[in-house]
Amino acid sequence: MFDNQYEQQKIEKSLTLKNELKSFPYKQNSKRDTTTKEFLEKNKYLFDKEGRRNEDEKFTIAGRVKLYRVMGKASFLKIEDESGILQAYISRDNLTDGYYNIIKKLIDIGDFVEIIGYGFITQKDEITIYADNIEIITKSICTLPEKFHGITDKELRYRQRYLDLIMNEGSKNIFKTRSKIITEIRNFFNDMGCMEVETPMMHDIAGGANAKPFITHHNALGVDKYLRIAPELYLKRLIVGGFESVFEINRNFRNEGMDATHNPEFTMIEFYLAYKNYNDLMKITESLISFLLEKLNKKDIITYQEEEINMQTPFKRIKYIDSLYEIGGLDKNIINDKDAIIGALKKKDIDVNEKLSLGYIQAEAFDVFVEDKLRNPTFVTDFPVEISPLARRNDDDDSIVDRFELFIAGKEIANGFNELNDPLDQYERFKSQVDAKELGDGEAHDMDDDYVKALGFGMPPTAGEGIGIDRLVMLLTDAHSIRDVLLFPSMKPQQPTI
RNA sequence: GACCCGUUAGCUCAGUUGGUAGAGCAUCUCCCUUUUAAGGAGAGGGCCGUUGGUUCAAGCCCAACACGGGUCACCA
């Protein structure tokens, strides 16, 4: 650790600071009173002032040295804090007794310094702090990446995100936007009177979605637990309990492949509203997205990966079955003919499990022929009942459910439906999920007796929805990969390189 | 899981038909008191991803593996 030549040199400097200057290289009790941004604002007036400086007004700033230019008896530094970046000027004549010649050799790019000084304007018209004193308050040991190209290696950016954040302004902005989006989503639901709740992350039965779970173990109880794949069944238990509108923003864990839109842990908001239906949810979803665009100062037309997406509401709505021929281009006459769809899939070299029922085969066809073509926001509605084990059947057609999914730029962003609250029907649906599992659907639900029992006590008519926050952030920050919107995306372990 | 691409100094990258490893930034020494990726002079810094193979000789050719990226598949 810390054994390359650069690190050794910096450790030497750190020891010099400590032993010869009696200046501990890792100080506490900073006296910073001004951020770099505030400094720049407060000293703008100097452009109009005689002499373009004011030696009487002192400021203390602190931050990381990003650039360092030594010119003999004077030096310029760029000091960065969270608010921005500020140029500092230190000169031999303004520091005490030869201190300049010592400190200038001990400062490295990457160190945190604290500077007391006053504002002045340089010959090139840059507001700068003229240092009366400078101290290294945190000595860096490791060398920062090159100042011009920064860090471009994606593996390094993901594994050492702190370096990415130090070097890449764009990356920092993505995470600021992400935080803003989550705050505003929270505000949106709070303003609706919806209550934020927390439900278990460790489940005895991995329910609420079709996915393979992570398994962990509880030693004291001697039982295996599953990291949750969705909070749905717990949130609906709360509706049974009498809360009429609840939401939860938190992580889900799914033990599946990773790619540009899938990370094993990802963030969802799920919300459940009693006495609302799935049409209400679509309207709420539209107003949420409009609200976010407004808060982010974005227009209705956004650019995602060089493609224009029209986010204007209301979003397009199309029935699932209709989308198969209207968008997917399948022959209208074959969409209820299982064998014919299988034939169409086979033409595209898609392997299908022929034992599955029509609804599953249609779902496969949707994935293959339709999903990618949904570029502008589109609600796909009225899904087959087989692939919607927790959704309420349509009153006129019991083979479909009152459910929608929202697709934008070919990706699923949201999924909502009228909640199934008939305990007997729910029991039967779980049973057919168990059957599907035996037929080879590794992601089908297990039976959840307690949940069925909860419904037995009565859940009022309810609609619920989940929105994938990461994908929404990708869309709104023009990020190509989910890893670009996760601070610490999942990566394979690697031998330590330090 | 399949295919393609990548892996060389702290970082960003060159590296010819196979013949003793290169640049810029960064670092160290020296010069330089208003610079803007500051400038000038000099120096140090390498398990060329790992392991095998071919060859008199491998950063370069071959194979396997590791990690990453991309495309597809799987997956809500």
# chains A, B, ... in the order shown; residues from 1 in each chain; ligands from 1

call {"tool": "closest_atom_pairs", "arguments": {"of": "chain B", "to": "chain A", "cutoff": "6 Å", "atoms": "only C-alpha atoms (C1' of nucleotides)", "output": "tab-separated table"}}
result
residue	atom	partner	partner_atom	distance
B:G10	C1'	A:Thr143	CA	5.5
B:C11	C1'	A:Pro145	CA	4.1
B:U12	C1'	A:His149	CA	5.8
B:C25	C1'	A:Glu146	CA	5.5
B:C32	C1'	A:Gly72	CA	4.9
B:U33	C1'	A:Ala74	CA	5.0
B:U34	C1'	A:Gln123	CA	5.7
B:A37	C1'	A:Phe148	CA	5.7
B:G68	C1'	A:Glu155	CA	5.7

call {"tool": "residues_around", "arguments": {"residues": "Arg53 in chain A", "least_positions_apart": "6", "cutoff": "10 Å", "atoms": "only C-alpha atoms (C1' of nucleotides)", "output": "list in words"}}
result
Asn43, Tyr45, Leu46, Phe47, Tyr118, Gly119, Phe120, Ile121, Thr122, Ile127, Thr128, Ile129 and Tyr130 of chain A

call {"tool": "write_last_selection", "arguments": {"atoms": "C-alpha atoms", "output": "compact mmCIF listing (two decimals), in the first residue's frame"}}
result
# COMPACT_ATOMS: atom_id res chain seq x y z
CA ASN A 43 -15.83 40.22 -4.74
CA TYR A 45 -17.59 44.66 -7.08
CA LEU A 46 -13.80 44.84 -7.24
CA PHE A 47 -13.99 45.23 -11.01
CA TYR A 118 -8.52 39.08 0.36
CA GLY A 119 -10.03 39.58 -3.05
CA PHE A 120 -8.28 41.06 -6.05
CA ILE A 121 -8.62 40.98 -9.81
CA THR A 122 -5.75 39.66 -11.91
CA ILE A 127 -11.38 37.21 -9.32
CA THR A 128 -8.69 35.68 -7.12
CA ILE A 129 -7.93 35.31 -3.44
CA TYR A 130 -4.62 36.91 -2.44

call {"tool": "closest_residue", "arguments": {"among": "A:Val65, A:Ile141, A:Ile79, A:Val370", "to": "Asp3 in chain A", "atoms": "only C-alpha atoms"}}
result
A:Ile141

call {"tool": "select_by_dssp", "arguments": {"residues": "range 203-273 of chain A", "states": "alpha helix (DSSP H)", "output": "PyMOL selection string"}}
result
chain A and resi 232-240

call {"tool": "write_last_selection", "arguments": {"atoms": "N, CA and C atoms", "output": "PDB file, in the first residue's frame"}}
result
ATOM      1  N   GLU A 232     -44.222  -4.871  -2.744  1.00  0.00           N
ATOM      2  CA  GLU A 232     -45.659  -4.806  -3.036  1.00  0.00           C
ATOM      3  C   GLU A 232     -46.565  -5.455  -1.999  1.00  0.00           C
ATOM      4  N   LEU A 233     -46.254  -6.684  -1.632  1.00  0.00           N
ATOM      5  CA  LEU A 233     -47.202  -7.405  -0.784  1.00  0.00           C
ATOM      6  C   LEU A 233     -47.269  -6.812   0.619  1.00  0.00           C
ATOM      7  N   TYR A 234     -46.165  -6.218   1.063  1.00  0.00           N
ATOM      8  CA  TYR A 234     -46.188  -5.557   2.371  1.00  0.00           C
ATOM      9  C   TYR A 234     -46.945  -4.241   2.313  1.00  0.00           C
ATOM     10  N   LEU A 235     -46.752  -3.514   1.222  1.00  0.00           N
ATOM     11  CA  LEU A 235     -47.451  -2.227   1.115  1.00  0.00           C
ATOM     12  C   LEU A 235     -48.962  -2.447   1.066  1.00  0.00           C
ATOM     13  N   LYS A 236     -49.376  -3.508   0.399  1.00  0.00           N
ATOM     14  CA  LYS A 236     -50.825  -3.761   0.335  1.00  0.00           C
ATOM     15  C   LYS A 236     -51.377  -4.251   1.672  1.00  0.00           C
ATOM     16  N   ARG A 237     -50.517  -4.914   2.440  1.00  0.00           N
ATOM     17  CA  ARG A 237     -50.956  -5.274   3.796  1.00  0.00           C
ATOM     18  C   ARG A 237     -51.264  -3.991   4.596  1.00  0.00           C
ATOM     19  N   LEU A 238     -50.534  -2.921   4.283  1.00  0.00           N
ATOM     20  CA  LEU A 238     -50.795  -1.663   4.983  1.00  0.00           C
ATOM     21  C   LEU A 238     -52.130  -1.065   4.561  1.00  0.00           C
ATOM     22  N   ILE A 239     -52.493  -1.268   3.287  1.00  0.00           N
ATOM     23  CA  ILE A 239     -53.814  -0.796   2.851  1.00  0.00           C
ATOM     24  C   ILE A 239     -54.898  -1.584   3.595  1.00  0.00           C
ATOM     25  N   VAL A 240     -54.668  -2.908   3.726  1.00  0.00           N
ATOM     26  CA  VAL A 240     -55.595  -3.720   4.530  1.00  0.00           C
ATOM     27  C   VAL A 240     -55.689  -3.137   5.934  1.00  0.00           C
TER      28      VAL A 240
END

call {"tool": "atom_distance", "arguments": {"atom1": "CA of Asn54 in chain A", "atom2": "CA of Ile134 in chain A"}}
result
18.4 Å

call {"tool": "select_by_dssp", "arguments": {"residues": "range 58-151 of chain A", "states": "strand (DSSP E)", "output": "PyMOL selection string"}}
result
chain A and resi 59-71+74-81+84-91+112-121+127-138

call {"tool": "residues_around", "arguments": {"residues": "G59 in chain B", "least_positions_apart": "6", "cutoff": "10 Å", "atoms": "only C-alpha atoms (C1' of nucleotides)", "output": "number ranges by chain"}}
result
B: 8, 15, 21, 48

call {"tool": "closest_residue", "arguments": {"among": "B:U36, B:U50, B:U17, B:U29", "to": "C67 in chain B", "atoms": "only C-alpha atoms (C1' of nucleotides)"}}
result
B:U50

call {"tool": "closest_residue", "arguments": {"among": "A:Pro489, A:Pro264, A:Gly193, A:Gly84", "to": "Lys172 in chain A", "atoms": "only C-alpha atoms"}}
result
A:Gly84

call {"tool": "residues_around", "arguments": {"residues": "A63 in chain B", "least_positions_apart": "4", "cutoff": "12 Å", "atoms": "only C-alpha atoms (C1' of nucleotides)", "output": "list in words"}}
result
U51, G52, G53 and U54 of chain B

call {"tool": "write_last_selection", "arguments": {"atoms": "N, CA, C and O atoms (P, O5', C5', C4', C3', O3' and C1' of nucleotides)", "output": "mmCIF file, in the first residue's frame"}}
result
data_model
loop_
_atom_site.group_PDB
_atom_site.id
_atom_site.type_symbol
_atom_site.label_atom_id
_atom_site.label_comp_id
_atom_site.auth_asym_id
_atom_site.auth_seq_id
_atom_site.Cartn_x
_atom_site.Cartn_y
_atom_site.Cartn_z
ATOM 1 P P U B 51 2.283 -14.492 -14.889
ATOM 2 O "O5'" U B 51 1.731 -15.888 -15.422
ATOM 3 C "C5'" U B 51 1.164 -16.827 -14.523
ATOM 4 C "C4'" U B 51 0.604 -17.996 -15.287
ATOM 5 C "C3'" U B 51 1.555 -18.628 -16.289
ATOM 6 O "O3'" U B 51 2.468 -19.503 -15.662
ATOM 7 C "C1'" U B 51 -0.561 -18.322 -17.305
ATOM 8 P P G B 52 3.740 -20.029 -16.445
ATOM 9 O "O5'" G B 52 3.072 -21.107 -17.391
ATOM 10 C "C5'" G B 52 3.734 -21.506 -18.553
ATOM 11 C "C4'" G B 52 2.750 -22.187 -19.469
ATOM 12 C "C3'" G B 52 3.283 -22.357 -20.877
ATOM 13 O "O3'" G B 52 4.122 -23.495 -20.975
ATOM 14 C "C1'" G B 52 1.150 -21.394 -20.995
ATOM 15 P P G B 53 5.502 -23.329 -21.747
ATOM 16 O "O5'" G B 53 5.012 -23.280 -23.261
ATOM 17 C "C5'" G B 53 4.257 -24.371 -23.786
ATOM 18 C "C4'" G B 53 3.661 -24.015 -25.112
ATOM 19 C "C3'" G B 53 4.660 -23.629 -26.202
ATOM 20 O "O3'" G B 53 5.290 -24.757 -26.779
ATOM 21 C "C1'" G B 53 2.831 -22.123 -26.225
ATOM 22 P P U B 54 6.760 -24.647 -27.331
ATOM 23 O "O5'" U B 54 6.551 -23.793 -28.660
ATOM 24 C "C5'" U B 54 5.797 -24.316 -29.755
ATOM 25 C "C4'" U B 54 5.734 -23.309 -30.872
ATOM 26 C "C3'" U B 54 7.077 -22.725 -31.294
ATOM 27 O "O3'" U B 54 7.777 -23.594 -32.175
ATOM 28 C "C1'" U B 54 5.501 -20.982 -31.053
#

call {"tool": "decode", "arguments": {"residues": "range 51-63 of chain B", "atoms": "all heavy atoms", "output": "short mmCIF file (atom, residue, chain, number, x, y, z; two decimals), in the first residue's frame"}}
result
data_model
loop_
_atom_site.label_atom_id
_atom_site.label_comp_id
_atom_site.auth_asym_id
_atom_site.auth_seq_id
_atom_site.Cartn_x
_atom_site.Cartn_y
_atom_site.Cartn_z
P U B 51 2.28 -14.49 -14.89
OP1 U B 51 3.18 -14.74 -13.74
OP2 U B 51 2.76 -13.73 -16.07
"O5'" U B 51 1.73 -15.89 -15.42
"C5'" U B 51 1.16 -16.83 -14.52
"C4'" U B 51 0.60 -18.00 -15.29
"O4'" U B 51 -0.50 -17.55 -16.11
"C3'" U B 51 1.55 -18.63 -16.29
"O3'" U B 51 2.47 -19.50 -15.66
"C2'" U B 51 0.60 -19.33 -17.24
"O2'" U B 51 0.12 -20.53 -16.68
"C1'" U B 51 -0.56 -18.32 -17.30
N1 U B 51 -0.44 -17.42 -18.47
C2 U B 51 -0.99 -17.87 -19.66
O2 U B 51 -1.53 -18.95 -19.77
N3 U B 51 -0.87 -17.01 -20.72
C4 U B 51 -0.28 -15.76 -20.71
O4 U B 51 -0.26 -15.09 -21.73
C5 U B 51 0.27 -15.37 -19.45
C6 U B 51 0.17 -16.19 -18.39
P G B 52 3.74 -20.03 -16.45
OP1 G B 52 4.60 -20.74 -15.47
OP2 G B 52 4.30 -18.94 -17.27
"O5'" G B 52 3.07 -21.11 -17.39
"C5'" G B 52 3.73 -21.51 -18.55
"C4'" G B 52 2.75 -22.19 -19.47
"O4'" G B 52 1.56 -21.36 -19.64
"C3'" G B 52 3.28 -22.36 -20.88
"O3'" G B 52 4.12 -23.50 -20.98
"C2'" G B 52 2.00 -22.45 -21.69
"O2'" G B 52 1.40 -23.72 -21.56
"C1'" G B 52 1.15 -21.39 -20.99
N9 G B 52 1.38 -20.06 -21.58
C8 G B 52 1.97 -18.98 -20.99
N7 G B 52 2.04 -17.94 -21.77
C5 G B 52 1.45 -18.36 -22.96
C6 G B 52 1.23 -17.67 -24.18
O6 G B 52 1.52 -16.51 -24.46
N1 G B 52 0.62 -18.49 -25.13
C2 G B 52 0.26 -19.80 -24.92
N2 G B 52 -0.32 -20.41 -25.95
N3 G B 52 0.44 -20.45 -23.79
C4 G B 52 1.05 -19.68 -22.85
P G B 53 5.50 -23.33 -21.75
OP1 G B 53 6.28 -24.56 -21.54
OP2 G B 53 6.09 -22.01 -21.40
"O5'" G B 53 5.01 -23.28 -23.26
"C5'" G B 53 4.26 -24.37 -23.79
"C4'" G B 53 3.66 -24.01 -25.11
"O4'" G B 53 2.84 -22.82 -24.99
"C3'" G B 53 4.66 -23.63 -26.20
"O3'" G B 53 5.29 -24.76 -26.78
"C2'" G B 53 3.75 -22.88 -27.19
"O2'" G B 53 2.98 -23.78 -27.94
"C1'" G B 53 2.83 -22.12 -26.22
N9 G B 53 3.29 -20.75 -25.99
C8 G B 53 3.84 -20.21 -24.85
N7 G B 53 4.13 -18.94 -24.97
C5 G B 53 3.74 -18.62 -26.27
C6 G B 53 3.81 -17.39 -26.98
O6 G B 53 4.23 -16.30 -26.59
N1 G B 53 3.33 -17.52 -28.28
C2 G B 53 2.84 -18.69 -28.82
N2 G B 53 2.42 -18.63 -30.07
N3 G B 53 2.76 -19.83 -28.16
C4 G B 53 3.23 -19.73 -26.91
P U B 54 6.76 -24.65 -27.33
OP1 U B 54 7.20 -26.00 -27.72
OP2 U B 54 7.56 -23.83 -26.38
"O5'" U B 54 6.55 -23.79 -28.66
"C5'" U B 54 5.80 -24.32 -29.75
"C4'" U B 54 5.73 -23.31 -30.87
"O4'" U B 54 4.99 -22.15 -30.43
"C3'" U B 54 7.08 -22.73 -31.29
"O3'" U B 54 7.78 -23.59 -32.18
"C2'" U B 54 6.65 -21.42 -31.97
"O2'" U B 54 6.14 -21.65 -33.27
"C1'" U B 54 5.50 -20.98 -31.05
N1 U B 54 5.97 -20.06 -30.00
C2 U B 54 6.09 -18.72 -30.34
O2 U B 54 5.84 -18.30 -31.45
N3 U B 54 6.52 -17.90 -29.33
C4 U B 54 6.83 -18.26 -28.04
O4 U B 54 7.21 -17.39 -27.24
C5 U B 54 6.69 -19.66 -27.76
C6 U B 54 6.27 -20.49 -28.72
P U B 55 9.32 -23.93 -31.93
OP1 U B 55 9.75 -24.88 -32.96
OP2 U B 55 9.53 -24.24 -30.49
"O5'" U B 55 10.01 -22.53 -32.22
"C5'" U B 55 9.93 -21.93 -33.51
"C4'" U B 55 10.48 -20.53 -33.46
"O4'" U B 55 9.63 -19.71 -32.63
"C3'" U B 55 11.85 -20.40 -32.81
"O3'" U B 55 12.89 -20.75 -33.71
"C2'" U B 55 11.86 -18.91 -32.44
"O2'" U B 55 12.13 -18.11 -33.56
"C1'" U B 55 10.40 -18.70 -32.01
N1 U B 55 10.25 -18.80 -30.54
C2 U B 55 10.33 -17.63 -29.82
O2 U B 55 10.51 -16.55 -30.33
N3 U B 55 10.20 -17.77 -28.46
C4 U B 55 10.00 -18.95 -27.77
O4 U B 55 9.91 -18.92 -26.55
C5 U B 55 9.92 -20.12 -28.59
C6 U B 55 10.04 -20.01 -29.92
P C B 56 14.14 -21.64 -33.17
OP1 C B 56 14.95 -22.01 -34.35
OP2 C B 56 13.63 -22.69 -32.24
"O5'" C B 56 14.96 -20.60 -32.29
"C5'" C B 56 16.00 -21.05 -31.42
"C4'" C B 56 16.74 -19.86 -30.86
"O4'" C B 56 17.46 -19.20 -31.95
"C3'" C B 56 15.87 -18.77 -30.29
"O3'" C B 56 15.48 -19.03 -28.95
"C2'" C B 56 16.76 -17.54 -30.40
"O2'" C B 56 17.74 -17.51 -29.37
"C1'" C B 56 17.47 -17.81 -31.74
N1 C B 56 16.77 -17.16 -32.86
C2 C B 56 16.87 -15.76 -33.01
O2 C B 56 17.51 -15.12 -32.18
N3 C B 56 16.25 -15.17 -34.05
C4 C B 56 15.55 -15.90 -34.93
N4 C B 56 14.96 -15.28 -35.94
C5 C B 56 15.44 -17.31 -34.81
C6 C B 56 16.07 -17.89 -33.78
P A B 57 13.99 -18.72 -28.46
OP1 A B 57 13.89 -19.07 -27.02
OP2 A B 57 13.07 -19.35 -29.43
"O5'" A B 57 13.92 -17.13 -28.60
"C5'" A B 57 14.67 -16.30 -27.72
"C4'" A B 57 14.53 -14.86 -28.11
"O4'" A B 57 14.99 -14.70 -29.48
"C3'" A B 57 13.09 -14.34 -28.14
"O3'" A B 57 12.66 -13.97 -26.86
"C2'" A B 57 13.22 -13.16 -29.10
"O2'" A B 57 13.76 -12.03 -28.44
"C1'" A B 57 14.26 -13.67 -30.11
N9 A B 57 13.63 -14.23 -31.32
C8 A B 57 13.45 -15.54 -31.64
N7 A B 57 12.87 -15.72 -32.82
C5 A B 57 12.66 -14.43 -33.28
C6 A B 57 12.09 -13.93 -34.47
N6 A B 57 11.60 -14.70 -35.42
N1 A B 57 12.04 -12.60 -34.62
C2 A B 57 12.52 -11.82 -33.65
N3 A B 57 13.09 -12.17 -32.49
C4 A B 57 13.13 -13.50 -32.37
P A B 58 11.12 -14.13 -26.45
OP1 A B 58 11.00 -13.69 -25.04
OP2 A B 58 10.67 -15.47 -26.84
"O5'" A B 58 10.37 -13.09 -27.41
"C5'" A B 58 10.61 -11.69 -27.32
"C4'" A B 58 9.31 -10.94 -27.33
"O4'" A B 58 8.57 -11.38 -28.50
"C3'" A B 58 8.41 -11.22 -26.14
"O3'" A B 58 7.63 -10.06 -25.86
"C2'" A B 58 7.51 -12.33 -26.62
"O2'" A B 58 6.28 -12.36 -25.97
"C1'" A B 58 7.31 -11.91 -28.08
N9 A B 58 6.98 -13.03 -28.98
C8 A B 58 7.06 -14.36 -28.75
N7 A B 58 6.67 -15.10 -29.76
C5 A B 58 6.31 -14.17 -30.72
C6 A B 58 5.81 -14.31 -32.03
N6 A B 58 5.59 -15.48 -32.62
N1 A B 58 5.55 -13.19 -32.71
C2 A B 58 5.79 -12.01 -32.13
N3 A B 58 6.25 -11.75 -30.90
C4 A B 58 6.50 -12.89 -30.26
P G B 59 8.17 -8.90 -24.95
OP1 G B 59 9.25 -8.17 -25.66
OP2 G B 59 8.44 -9.46 -23.59
"O5'" G B 59 6.91 -7.92 -24.81
"C5'" G B 59 5.75 -8.31 -24.10
"C4'" G B 59 4.55 -7.56 -24.60
"O4'" G B 59 4.93 -6.18 -24.77
"C3'" G B 59 4.06 -8.00 -25.97
"O3'" G B 59 3.14 -9.06 -25.86
"C2'" G B 59 3.41 -6.73 -26.51
"O2'" G B 59 2.09 -6.58 -25.98
"C1'" G B 59 4.29 -5.64 -25.91
N9 G B 59 5.32 -5.17 -26.85
C8 G B 59 6.68 -5.32 -26.74
N7 G B 59 7.34 -4.77 -27.71
C5 G B 59 6.35 -4.21 -28.52
C6 G B 59 6.46 -3.49 -29.72
O6 G B 59 7.48 -3.17 -30.35
N1 G B 59 5.21 -3.12 -30.21
C2 G B 59 4.02 -3.40 -29.60
N2 G B 59 2.94 -2.97 -30.21
N3 G B 59 3.91 -4.08 -28.47
C4 G B 59 5.10 -4.45 -27.99
P C B 60 3.20 -10.27 -26.89
OP1 C B 60 2.13 -11.20 -26.50
OP2 C B 60 4.58 -10.75 -27.03
"O5'" C B 60 2.81 -9.58 -28.27
"C5'" C B 60 1.56 -8.89 -28.44
"C4'" C B 60 1.56 -8.22 -29.78
"O4'" C B 60 2.69 -7.30 -29.85
"C3'" C B 60 1.69 -9.17 -30.95
"O3'" C B 60 0.87 -8.74 -32.02
"C2'" C B 60 3.15 -9.05 -31.36
"O2'" C B 60 3.38 -9.28 -32.72
"C1'" C B 60 3.44 -7.58 -31.01
N1 C B 60 4.86 -7.37 -30.72
C2 C B 60 5.59 -6.47 -31.50
O2 C B 60 5.02 -5.85 -32.40
N3 C B 60 6.91 -6.30 -31.24
C4 C B 60 7.50 -7.00 -30.28
N4 C B 60 8.79 -6.80 -30.07
C5 C B 60 6.77 -7.92 -29.47
C6 C B 60 5.47 -8.08 -29.73
P C B 61 -0.46 -9.57 -32.29
OP1 C B 61 -1.12 -8.89 -33.43
OP2 C B 61 -1.17 -9.78 -31.02
"O5'" C B 61 0.09 -10.99 -32.76
"C5'" C B 61 0.29 -11.28 -34.14
"C4'" C B 61 0.55 -12.75 -34.32
"O4'" C B 61 1.90 -13.07 -33.87
"C3'" C B 61 -0.34 -13.67 -33.47
"O3'" C B 61 -1.60 -13.87 -34.07
"C2'" C B 61 0.49 -14.93 -33.39
"O2'" C B 61 0.40 -15.69 -34.57
"C1'" C B 61 1.91 -14.36 -33.27
N1 C B 61 2.37 -14.23 -31.87
C2 C B 61 2.65 -15.39 -31.14
O2 C B 61 2.49 -16.49 -31.67
N3 C B 61 3.08 -15.28 -29.87
C4 C B 61 3.25 -14.07 -29.31
N4 C B 61 3.68 -14.00 -28.06
C5 C B 61 2.96 -12.88 -30.03
C6 C B 61 2.53 -13.00 -31.29
P C B 62 -2.90 -14.14 -33.17
OP1 C B 62 -4.06 -14.10 -34.08
OP2 C B 62 -2.85 -13.23 -31.99
"O5'" C B 62 -2.68 -15.63 -32.65
"C5'" C B 62 -2.66 -16.71 -33.56
"C4'" C B 62 -2.49 -18.00 -32.78
"O4'" C B 62 -1.16 -18.02 -32.19
"C3'" C B 62 -3.42 -18.17 -31.59
"O3'" C B 62 -4.69 -18.63 -31.97
"C2'" C B 62 -2.65 -19.16 -30.73
"O2'" C B 62 -2.78 -20.47 -31.23
"C1'" C B 62 -1.20 -18.69 -30.94
N1 C B 62 -0.76 -17.77 -29.88
C2 C B 62 -0.38 -18.30 -28.65
O2 C B 62 -0.46 -19.53 -28.49
N3 C B 62 0.05 -17.48 -27.67
C4 C B 62 0.12 -16.17 -27.88
N4 C B 62 0.55 -15.40 -26.89
C5 C B 62 -0.26 -15.59 -29.13
C6 C B 62 -0.69 -16.42 -30.09
P A B 63 -5.99 -18.26 -31.08
OP1 A B 63 -7.17 -18.76 -31.81
OP2 A B 63 -5.91 -16.85 -30.67
"O5'" A B 63 -5.78 -19.16 -29.78
"C5'" A B 63 -5.84 -20.57 -29.87
"C4'" A B 63 -5.58 -21.19 -28.51
"O4'" A B 63 -4.23 -20.88 -28.10
"C3'" A B 63 -6.44 -20.65 -27.38
"O3'" A B 63 -7.73 -21.23 -27.36
"C2'" A B 63 -5.61 -21.03 -26.16
"O2'" A B 63 -5.74 -22.40 -25.86
"C1'" A B 63 -4.19 -20.77 -26.68
N9 A B 63 -3.69 -19.45 -26.32
C8 A B 63 -3.66 -18.31 -27.07
N7 A B 63 -3.13 -17.27 -26.47
C5 A B 63 -2.80 -17.76 -25.22
C6 A B 63 -2.20 -17.17 -24.08
N6 A B 63 -1.81 -15.89 -24.04
N1 A B 63 -2.01 -17.93 -23.00
C2 A B 63 -2.40 -19.22 -23.04
N3 A B 63 -2.96 -19.89 -24.04
C4 A B 63 -3.14 -19.10 -25.11
#
